[in-house]
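Participant: One file is attached below, coords.tsv, containing TSV, N, CA and C atoms.
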```tsv
chain	number	residue	atom	x	y	z
J	163	LEU	N	3.71	62.35	-257.99
J	163	LEU	CA	4.48	61.27	-257.42
J	163	LEU	C	4.97	60.34	-258.53
J	164	PRO	N	6.11	59.68	-258.31
J	164	PRO	CA	6.56	58.71	-259.29
J	164	PRO	C	5.60	57.54	-259.35
J	165	PRO	N	5.56	56.82	-260.49
J	165	PRO	CA	4.65	55.68	-260.59
J	165	PRO	C	4.93	54.61	-259.54
J	166	ARG	N	6.18	54.47	-259.16
J	166	ARG	CA	6.57	53.52	-258.10
J	166	ARG	C	7.54	54.21	-257.17
J	167	ALA	N	7.41	53.92	-255.90
J	167	ALA	CA	8.35	54.48	-254.93
J	167	ALA	C	9.73	53.87	-255.14
J	168	PRO	N	10.80	54.63	-254.90
J	168	PRO	CA	12.15	54.05	-255.00
J	168	PRO	C	12.29	52.87	-254.04
J	169	THR	N	13.01	51.87	-254.45
J	169	THR	CA	13.20	50.67	-253.64
J	169	THR	C	14.43	50.82	-252.76
J	170	LEU	N	14.26	50.60	-251.46
J	170	LEU	CA	15.40	50.61	-250.55
J	170	LEU	C	16.22	49.36	-250.82
J	171	ARG	N	17.45	49.54	-251.30
J	171	ARG	CA	18.32	48.41	-251.65
J	171	ARG	C	19.30	48.05	-250.56
J	172	LEU	N	19.71	49.04	-249.77
J	172	LEU	CA	20.75	48.78	-248.79
J	172	LEU	C	20.65	49.77	-247.64
J	173	ALA	N	20.79	49.27	-246.43
J	173	ALA	CA	20.88	50.11	-245.23
J	173	ALA	C	22.12	49.64	-244.49
J	174	THR	N	23.15	50.47	-244.49
J	174	THR	CA	24.43	50.10	-243.89
J	174	THR	C	24.69	50.97	-242.68
J	175	ARG	N	24.94	50.32	-241.54
J	175	ARG	CA	25.31	51.10	-240.35
J	175	ARG	C	26.76	51.51	-240.52
J	176	THR	N	26.99	52.82	-240.53
J	176	THR	CA	28.34	53.34	-240.76
J	176	THR	C	29.05	53.73	-239.48
J	177	ASN	N	28.28	53.93	-238.39
J	177	ASN	CA	28.88	54.31	-237.13
J	177	ASN	C	27.86	54.07	-236.03
J	178	ALA	N	28.34	53.70	-234.85
J	178	ALA	CA	27.47	53.54	-233.68
J	178	ALA	C	28.26	53.94	-232.44
J	179	THR	N	27.64	54.74	-231.60
J	179	THR	CA	28.28	55.21	-230.38
J	179	THR	C	27.30	55.09	-229.22
J	180	THR	N	27.75	54.47	-228.14
J	180	THR	CA	26.94	54.41	-226.92
J	180	THR	C	27.36	55.57	-226.02
J	181	SER	N	26.36	56.28	-225.54
J	181	SER	CA	26.60	57.38	-224.60
J	181	SER	C	25.65	57.18	-223.43
J	182	GLY	N	26.20	56.86	-222.28
J	182	GLY	CA	25.34	56.54	-221.15
J	182	GLY	C	24.57	55.27	-221.46
J	183	SER	N	23.25	55.37	-221.43
J	183	SER	CA	22.43	54.20	-221.73
J	183	SER	C	21.75	54.31	-223.09
J	184	SER	N	22.18	55.25	-223.93
J	184	SER	CA	21.56	55.41	-225.25
J	184	SER	C	22.56	55.16	-226.37
J	185	CYS	N	22.02	54.97	-227.57
J	185	CYS	CA	22.85	54.65	-228.73
J	185	CYS	C	22.55	55.64	-229.86
J	186	SER	N	23.59	56.09	-230.52
J	186	SER	CA	23.48	56.92	-231.72
J	186	SER	C	24.10	56.12	-232.86
J	187	SER	N	23.28	55.73	-233.84
J	187	SER	CA	23.76	54.96	-234.98
J	187	SER	C	23.50	55.73	-236.26
J	188	PHE	N	24.47	55.76	-237.15
J	188	PHE	CA	24.30	56.38	-238.46
J	188	PHE	C	24.16	55.29	-239.50
J	189	TYR	N	23.18	55.46	-240.37
J	189	TYR	CA	22.92	54.49	-241.44
J	189	TYR	C	22.97	55.21	-242.78
J	190	GLU	N	23.58	54.59	-243.75
J	190	GLU	CA	23.55	55.06	-245.13
J	190	GLU	C	22.43	54.29	-245.82
J	191	LEU	N	21.40	55.00	-246.28
J	191	LEU	CA	20.28	54.37	-246.97
J	191	LEU	C	20.47	54.55	-248.47
J	192	THR	N	20.41	53.47	-249.20
J	192	THR	CA	20.61	53.51	-250.65
J	192	THR	C	19.34	53.03	-251.33
J	193	PHE	N	18.79	53.88	-252.19
J	193	PHE	CA	17.56	53.58	-252.92
J	193	PHE	C	17.88	53.36	-254.39
J	194	ASP	N	17.28	52.35	-254.98
J	194	ASP	CA	17.45	52.05	-256.39
J	194	ASP	C	16.45	52.89	-257.17
J	195	LYS	N	16.94	53.63	-258.14
J	195	LYS	CA	16.04	54.45	-258.96
J	195	LYS	C	16.09	54.01	-260.42
J	196	SER	N	16.50	52.77	-260.65
J	196	SER	CA	16.64	52.30	-262.03
J	196	SER	C	15.32	52.28	-262.78
J	197	ASP	N	14.20	52.26	-262.05
J	197	ASP	CA	12.90	52.29	-262.72
J	197	ASP	C	12.33	53.70	-262.82
J	198	ALA	N	13.14	54.71	-262.50
J	198	ALA	CA	12.68	56.09	-262.59
J	198	ALA	C	12.44	56.46	-264.05
J	199	PRO	N	11.39	57.22	-264.34
J	199	PRO	CA	11.16	57.65	-265.72
J	199	PRO	C	12.30	58.56	-266.17
J	200	SER	N	12.68	58.47	-267.42
J	200	SER	CA	13.78	59.30	-267.90
J	200	SER	C	13.27	60.31	-268.92
J	201	ILE	N	13.99	61.42	-269.02
J	201	ILE	CA	13.70	62.44	-270.02
J	201	ILE	C	14.93	62.48	-270.93
J	202	ARG	N	14.78	62.14	-272.18
J	202	ARG	CA	15.93	62.05	-273.08
J	202	ARG	C	16.62	63.39	-273.28
J	203	ALA	N	15.87	64.49	-273.24
J	203	ALA	CA	16.47	65.79	-273.49
J	203	ALA	C	17.28	66.30	-272.30
J	204	ALA	N	17.01	65.78	-271.13
J	204	ALA	CA	17.70	66.26	-269.93
J	204	ALA	C	19.03	65.53	-269.74
J	205	PRO	N	20.03	66.23	-269.23
J	205	PRO	CA	21.30	65.55	-268.96
J	205	PRO	C	21.11	64.53	-267.84
J	206	PRO	N	21.92	63.48	-267.81
J	206	PRO	CA	21.76	62.48	-266.76
J	206	PRO	C	21.99	63.09	-265.38
J	207	ALA	N	21.22	62.64	-264.44
J	207	ALA	CA	21.35	63.15	-263.06
J	207	ALA	C	22.64	62.64	-262.45
J	208	PRO	N	23.36	63.47	-261.70
J	208	PRO	CA	24.61	63.04	-261.08
J	208	PRO	C	24.33	62.18	-259.85
J	209	LEU	N	24.13	60.90	-260.08
J	209	LEU	CA	23.83	59.98	-259.00
J	209	LEU	C	24.96	59.01	-258.78
J	210	VAL	N	25.02	58.45	-257.60
J	210	VAL	CA	26.00	57.42	-257.29
J	210	VAL	C	25.67	56.18	-258.09
J	211	THR	N	26.68	55.51	-258.59
J	211	THR	CA	26.45	54.25	-259.29
J	211	THR	C	27.06	53.13	-258.49
J	212	SER	N	26.25	52.12	-258.22
J	212	SER	CA	26.70	50.98	-257.43
J	212	SER	C	26.30	49.70	-258.16
J	213	ASN	N	27.27	48.90	-258.53
J	213	ASN	CA	27.02	47.64	-259.24
J	213	ASN	C	26.19	47.85	-260.51
J	214	GLY	N	26.43	48.93	-261.22
J	214	GLY	CA	25.73	49.20	-262.46
J	214	GLY	C	24.31	49.70	-262.29
J	215	SER	N	23.86	49.90	-261.09
J	215	SER	CA	22.50	50.35	-260.82
J	215	SER	C	22.54	51.80	-260.32
J	216	SER	N	21.73	52.65	-260.91
J	216	SER	CA	21.67	54.04	-260.45
J	216	SER	C	20.98	54.08	-259.10
J	217	THR	N	21.56	54.85	-258.18
J	217	THR	CA	21.01	54.92	-256.84
J	217	THR	C	20.98	56.35	-256.32
J	218	VAL	N	20.19	56.55	-255.30
J	218	VAL	CA	20.17	57.78	-254.53
J	218	VAL	C	20.45	57.35	-253.10
J	219	ALA	N	21.41	58.00	-252.46
J	219	ALA	CA	21.79	57.60	-251.10
J	219	ALA	C	21.89	58.81	-250.19
J	220	PHE	N	21.57	58.60	-248.93
J	220	PHE	CA	21.75	59.63	-247.91
J	220	PHE	C	21.86	58.95	-246.56
J	221	SER	N	22.32	59.71	-245.57
J	221	SER	CA	22.53	59.17	-244.22
J	221	SER	C	21.45	59.68	-243.27
J	222	VAL	N	21.10	58.82	-242.31
J	222	VAL	CA	20.20	59.19	-241.23
J	222	VAL	C	20.83	58.78	-239.91
J	223	GLU	N	20.39	59.39	-238.83
J	223	GLU	CA	20.86	59.02	-237.50
J	223	GLU	C	19.68	58.43	-236.73
J	224	LEU	N	19.89	57.26	-236.14
J	224	LEU	CA	18.88	56.62	-235.31
J	224	LEU	C	19.36	56.66	-233.87
J	225	LEU	N	18.56	57.27	-233.01
J	225	LEU	CA	18.87	57.37	-231.58
J	225	LEU	C	17.92	56.43	-230.84
J	226	THR	N	18.47	55.57	-230.00
J	226	THR	CA	17.65	54.65	-229.23
J	226	THR	C	18.01	54.73	-227.75
J	227	PRO	N	17.04	54.50	-226.87
J	227	PRO	CA	17.31	54.62	-225.44
J	227	PRO	C	17.96	53.38	-224.83
J	228	TYR	N	18.72	52.65	-225.63
J	228	TYR	CA	19.45	51.47	-225.18
J	228	TYR	C	20.88	51.58	-225.67
J	229	ALA	N	21.82	50.93	-224.97
J	229	ALA	CA	23.19	50.88	-225.44
J	229	ALA	C	23.21	50.17	-226.79
J	230	CYS	N	24.16	50.53	-227.65
J	230	CYS	CA	24.21	49.99	-229.02
J	230	CYS	C	24.24	48.46	-229.05
J	231	ASP	N	24.94	47.84	-228.13
J	231	ASP	CA	25.04	46.38	-228.15
J	231	ASP	C	23.89	45.71	-227.40
J	232	ALA	N	22.95	46.49	-226.87
J	232	ALA	CA	21.84	45.92	-226.09
J	232	ALA	C	20.50	46.11	-226.79
J	233	ILE	N	20.50	46.61	-228.01
J	233	ILE	CA	19.24	46.87	-228.71
J	233	ILE	C	18.60	45.54	-229.09
J	234	SER	N	17.36	45.38	-228.71
J	234	SER	CA	16.62	44.18	-229.06
J	234	SER	C	15.93	44.39	-230.41
J	235	PRO	N	16.12	43.47	-231.36
J	235	PRO	CA	15.45	43.64	-232.65
J	235	PRO	C	13.94	43.54	-232.55
J	236	THR	N	13.44	43.06	-231.43
J	236	THR	CA	11.99	42.96	-231.25
J	236	THR	C	11.44	44.08	-230.38
J	237	ALA	N	12.28	45.02	-229.97
J	237	ALA	CA	11.82	46.12	-229.12
J	237	ALA	C	10.81	46.97	-229.88
J	238	THR	N	9.74	47.32	-229.22
J	238	THR	CA	8.72	48.19	-229.80
J	238	THR	C	8.79	49.53	-229.08
J	239	LEU	N	9.14	50.57	-229.81
J	239	LEU	CA	9.27	51.91	-229.23
J	239	LEU	C	8.50	52.90	-230.08
J	240	PRO	N	7.96	53.95	-229.47
J	240	PRO	CA	7.42	55.03	-230.29
J	240	PRO	C	8.58	55.69	-231.03
J	241	LEU	N	8.31	56.19	-232.23
J	241	LEU	CA	9.35	56.79	-233.06
J	241	LEU	C	9.06	58.26	-233.29
J	242	PHE	N	10.08	59.10	-233.02
J	242	PHE	CA	9.99	60.52	-233.30
J	242	PHE	C	10.93	60.80	-234.47
J	243	MET	N	10.42	61.45	-235.51
J	243	MET	CA	11.23	61.77	-236.70
J	243	MET	C	11.33	63.28	-236.84
J	244	THR	N	12.54	63.75	-237.15
J	244	THR	CA	12.73	65.19	-237.34
J	244	THR	C	13.91	65.44	-238.27
J	245	GLN	N	13.95	66.62	-238.84
J	245	GLN	CA	15.08	66.99	-239.70
J	245	GLN	C	16.29	67.31	-238.84
J	246	TRP	N	17.47	67.27	-239.47
J	246	TRP	CA	18.73	67.33	-238.73
J	246	TRP	C	18.90	68.61	-237.91
J	247	ASN	N	18.36	69.74	-238.38
J	247	ASN	CA	18.57	70.98	-237.63
J	247	ASN	C	17.67	71.08	-236.39
J	248	HIS	N	16.85	70.06	-236.15
J	248	HIS	CA	16.07	69.98	-234.92
J	248	HIS	C	16.48	68.75	-234.12
J	249	ARG	N	17.76	68.41	-234.18
J	249	ARG	CA	18.26	67.23	-233.48
J	249	ARG	C	18.01	67.32	-231.98
J	250	GLU	N	17.99	68.53	-231.43
J	250	GLU	CA	17.71	68.69	-230.00
J	250	GLU	C	16.34	68.12	-229.65
J	251	TRP	N	15.37	68.26	-230.56
J	251	TRP	CA	14.04	67.69	-230.33
J	251	TRP	C	14.14	66.17	-230.26
J	252	ALA	N	14.97	65.60	-231.13
J	252	ALA	CA	15.17	64.15	-231.14
J	252	ALA	C	15.78	63.70	-229.82
J	253	LEU	N	16.73	64.48	-229.30
J	253	LEU	CA	17.34	64.14	-228.02
J	253	LEU	C	16.33	64.24	-226.88
J	254	ARG	N	15.43	65.21	-226.95
J	254	ARG	CA	14.38	65.35	-225.94
J	254	ARG	C	13.45	64.13	-225.99
J	255	ALA	N	13.07	63.72	-227.19
J	255	ALA	CA	12.22	62.53	-227.34
J	255	ALA	C	12.94	61.29	-226.81
J	256	LEU	N	14.24	61.20	-227.09
J	256	LEU	CA	15.05	60.08	-226.59
J	256	LEU	C	15.00	60.03	-225.06
J	257	SER	N	15.10	61.19	-224.42
J	257	SER	CA	15.07	61.24	-222.96
J	257	SER	C	13.72	60.80	-222.41
J	258	ARG	N	12.69	60.80	-223.25
J	258	ARG	CA	11.35	60.38	-222.83
J	258	ARG	C	11.03	58.95	-223.25
J	259	GLY	N	12.06	58.21	-223.75
J	259	GLY	CA	11.88	56.81	-224.08
J	259	GLY	C	11.54	56.51	-225.53
J	260	TYR	N	11.58	57.52	-226.38
J	260	TYR	CA	11.30	57.32	-227.80
J	260	TYR	C	12.58	56.91	-228.54
J	261	ALA	N	12.43	56.19	-229.62
J	261	ALA	CA	13.50	56.10	-230.60
J	261	ALA	C	13.34	57.34	-231.47
J	262	SER	N	14.44	57.91	-231.95
J	262	SER	CA	14.37	59.13	-232.77
J	262	SER	C	15.15	58.92	-234.05
J	263	LEU	N	14.60	59.42	-235.14
J	263	LEU	CA	15.27	59.34	-236.43
J	263	LEU	C	15.51	60.76	-236.92
J	264	VAL	N	16.76	61.09	-237.18
J	264	VAL	CA	17.15	62.41	-237.67
J	264	VAL	C	17.52	62.25	-239.14
J	265	TYR	N	16.83	62.95	-240.02
J	265	TYR	CA	17.01	62.77	-241.46
J	265	TYR	C	17.35	64.10	-242.14
J	266	PRO	N	17.93	64.04	-243.34
J	266	PRO	CA	18.33	65.27	-244.05
J	266	PRO	C	17.16	65.89	-244.83
J	267	ALA	N	16.49	66.84	-244.20
J	267	ALA	CA	15.37	67.52	-244.86
J	267	ALA	C	15.25	68.95	-244.35
J	268	ALA	N	16.31	69.71	-244.54
J	268	ALA	CA	16.30	71.11	-244.14
J	268	ALA	C	16.96	71.92	-245.25
J	269	ASP	N	16.91	73.22	-245.14
J	269	ASP	CA	17.43	74.07	-246.22
J	269	ASP	C	18.89	73.78	-246.56
J	270	THR	N	19.72	73.54	-245.56
J	270	THR	CA	21.15	73.37	-245.85
J	270	THR	C	21.59	71.92	-245.95
J	271	ARG	N	20.75	70.98	-245.57
J	271	ARG	CA	21.07	69.55	-245.72
J	271	ARG	C	19.76	68.85	-246.07
J	272	ASP	N	19.59	68.52	-247.35
J	272	ASP	CA	18.31	67.99	-247.82
J	272	ASP	C	18.55	66.92	-248.87
J	273	ALA	N	17.94	65.76	-248.70
J	273	ALA	CA	18.07	64.66	-249.66
J	273	ALA	C	17.12	64.82	-250.84
J	274	ALA	N	16.15	65.71	-250.75
J	274	ALA	CA	15.13	65.84	-251.79
J	274	ALA	C	15.70	66.16	-253.18
J	275	PRO	N	16.70	67.04	-253.33
J	275	PRO	CA	17.19	67.34	-254.67
J	275	PRO	C	17.70	66.11	-255.43
J	276	ALA	N	18.31	65.16	-254.74
J	276	ALA	CA	18.78	63.95	-255.42
J	276	ALA	C	17.60	63.15	-255.97
J	277	PHE	N	16.51	63.08	-255.21
J	277	PHE	CA	15.32	62.38	-255.69
J	277	PHE	C	14.65	63.17	-256.81
J	278	GLN	N	14.66	64.50	-256.72
J	278	GLN	CA	14.08	65.32	-257.78
J	278	GLN	C	14.83	65.13	-259.08
J	279	ARG	N	16.18	65.01	-259.01
J	279	ARG	CA	16.95	64.76	-260.22
J	279	ARG	C	16.66	63.37	-260.78
J	280	ALA	N	16.45	62.41	-259.89
J	280	ALA	CA	16.17	61.04	-260.33
J	280	ALA	C	14.79	60.90	-260.94
J	281	TYR	N	13.87	61.71	-260.48
J	281	TYR	CA	12.48	61.63	-260.94
J	281	TYR	C	12.04	62.97	-261.52
J	282	ARG	N	12.75	63.42	-262.53
J	282	ARG	CA	12.50	64.75	-263.11
J	282	ARG	C	11.06	64.94	-263.58
J	283	GLN	N	10.44	63.92	-264.14
J	283	GLN	CA	9.08	64.09	-264.68
J	283	GLN	C	8.05	64.29	-263.59
J	284	THR	N	8.34	63.85	-262.38
J	284	THR	CA	7.34	63.95	-261.32
J	284	THR	C	7.71	64.96	-260.26
J	285	ALA	N	8.90	65.53	-260.32
J	285	ALA	CA	9.35	66.51	-259.31
J	285	ALA	C	8.59	67.81	-259.52
J	286	SER	N	8.15	68.41	-258.43
J	286	SER	CA	7.38	69.65	-258.54
J	286	SER	C	8.26	70.89	-258.49
J	287	MET	N	9.54	70.73	-258.13
J	287	MET	CA	10.41	71.90	-258.02
J	287	MET	C	11.62	71.74	-258.88
```
Will you turn the file into structure tokens for me?

Facilitator:
Amino acid sequence: LPPRAPTLRLATRTNATTSGSSCSSFYELTFDKSDAPSIRAAPPAPLVTSNGSSTVAFSVELLTPYACDAISPTATLPLFMTQWNHREWALRALSRGYASLVYPAADTRDAAPAFQRAYRQTASM
């Protein structure tokens, strides 16, 4: 593991759609990796640069059993998390009153390689 976890710098809602009584929101999560250990012999990792700070970013989908404009910031819901290719499971959890988070962690859509490039000394693959 890296000596410190990447810091979440920004969470931007990029899209929100109400369908029936539920909401599907997409968020772009941006992590600062400026404190990642570097290897001088390795080429720089191809990361997004924002305001001079190296970052790793990816999108997630948050499904909630409320309309997008009716979500209470104090609502307490059980959370179901799954990778994007099991989105149907997230929809099933949503139908049972859970909030669901769909994230990129599957063979064809995976955020891990960007973090592995950012943290070369601690990446196992």

Participant: Which residue out of J:Ser184, J:Ser262, J:Thr169, J:Thr192 has the minimum interatomic distance to Phe220 of chain J when all atoms listed in the file are used?

Facilitator: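 Closest candidate: J:Thr192.
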
Participant: Adding 3 Å on each side of the box along x, y and z that holds all listed atoms of segment 177-191 of chain J, could you give its centre and edge lengths in Å to one decimal, as JSON?

Facilitator:
```
{"center_x": 24.6, "center_y": 55.5, "center_z": -234.8, "size_x": 14.6, "size_y": 9.8, "size_z": 33.3}
```

Participant: Work out how far atom CA of Cys185 of chain J is from atom CA of Pro240 of chain J, in Å to one decimal.

Facilitator: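 That distance, rounded to one decimal, is 15.5 Å.
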
Participant: Tell me, as a list of chain:residue names, which residues lie within 8 Å of segment 267-272 of chain J, counting only C-alpha atoms; anything in the same chain fewer than 3 positions away does not count.

Facilitator: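 The neighbour list is J:Gln245, J:Trp246, J:Asn247, J:Pro275.
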
Participant: J:Ser216, J:Ser221, J:Ser186, J:Leu191: which is nearest Ala173 of chain J, counting only C-alpha atoms?

Facilitator: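 Closest residue, counting only C-alpha atoms: J:Leu191.
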
Participant: I'd like the interatomic distance between atom N of Asp194 of chain J and atom CA of Ala274 of chain J, to a tenth of an Å.

Facilitator: 14.0 Å

Participant: Have a look at atom CA of Cys230 of chain J and atom CA of Tyr265 of chain J and let me know their distance in Å, one decimal.

Facilitator: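 The value is 19.2 Å.
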
Participant: Tell me which protein, DNA and RNA residues are within 6.5 Å of Arg175 of chain J, counting all atoms listed in the file, leaving out same-chain ones fewer than 2 positions away, and put them as a PyMOL selection string.

Facilitator: chain J and resi 173+177-178+187-190

Participant: Give the strand (DSSP E) residues of segment 219-257 of chain J, as assigned by DSSP on the backbone, as a list in words.

Facilitator: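 Checking each residue of segment 219-257 of chain J, the strand (DSSP E) ones are Ala219, Phe220, Ser221, Val222, Glu223, Leu224, Leu225, Thr226, Leu241, Phe242, Met243, Thr244 and Gln245 of chain J.
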
Participant: Kindly provide, as a JSON list (two decimals) with N, CA and C atoms, in the coordinates of the input, the polymer residues lying within 6 Å of (14.7, 56.4, -230.8), counting all atoms listed in the file and using the coordinates exactly as they appear in the file.

Facilitator:
```
[["chain", "number", "residue", "atom", "x", "y", "z"],
["J", 224, "LEU", "N", 19.89, 57.26, -236.14],
["J", 224, "LEU", "CA", 18.88, 56.62, -235.31],
["J", 224, "LEU", "C", 19.36, 56.66, -233.87],
["J", 225, "LEU", "N", 18.56, 57.27, -233.01],
["J", 225, "LEU", "CA", 18.87, 57.37, -231.58],
["J", 225, "LEU", "C", 17.92, 56.43, -230.84],
["J", 226, "THR", "N", 18.47, 55.57, -230.00],
["J", 226, "THR", "CA", 17.65, 54.65, -229.23],
["J", 226, "THR", "C", 18.01, 54.73, -227.75],
["J", 227, "PRO", "N", 17.04, 54.50, -226.87],
["J", 227, "PRO", "CA", 17.31, 54.62, -225.44],
["J", 227, "PRO", "C", 17.96, 53.38, -224.83],
["J", 241, "LEU", "N", 8.31, 56.19, -232.23],
["J", 241, "LEU", "CA", 9.35, 56.79, -233.06],
["J", 241, "LEU", "C", 9.06, 58.26, -233.29],
["J", 242, "PHE", "N", 10.08, 59.10, -233.02],
["J", 242, "PHE", "CA", 9.99, 60.52, -233.30],
["J", 242, "PHE", "C", 10.93, 60.80, -234.47],
["J", 256, "LEU", "N", 14.24, 61.20, -227.09],
["J", 256, "LEU", "CA", 15.05, 60.08, -226.59],
["J", 256, "LEU", "C", 15.00, 60.03, -225.06],
["J", 260, "TYR", "N", 11.58, 57.52, -226.38],
["J", 260, "TYR", "CA", 11.30, 57.32, -227.80],
["J", 260, "TYR", "C", 12.58, 56.91, -228.54],
["J", 261, "ALA", "N", 12.43, 56.19, -229.62],
["J", 261, "ALA", "CA", 13.50, 56.10, -230.60],
["J", 261, "ALA", "C", 13.34, 57.34, -231.47],
["J", 262, "SER", "N", 14.44, 57.91, -231.95],
["J", 262, "SER", "CA", 14.37, 59.13, -232.77],
["J", 262, "SER", "C", 15.15, 58.92, -234.05],
["J", 263, "LEU", "N", 14.60, 59.42, -235.14],
["J", 263, "LEU", "CA", 15.27, 59.34, -236.43],
["J", 263, "LEU", "C", 15.51, 60.76, -236.92]]
```

Participant: With only N, CA and C atoms as the atoms that count, which of J:Ala229, J:Pro266, J:Ala252, J:Ala237 lies nearest to Gly182 of chain J?

Facilitator: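 Comparing J:Ala229, J:Pro266, J:Ala252, J:Ala237 against Gly182 of chain J, the winner is J:Ala229.
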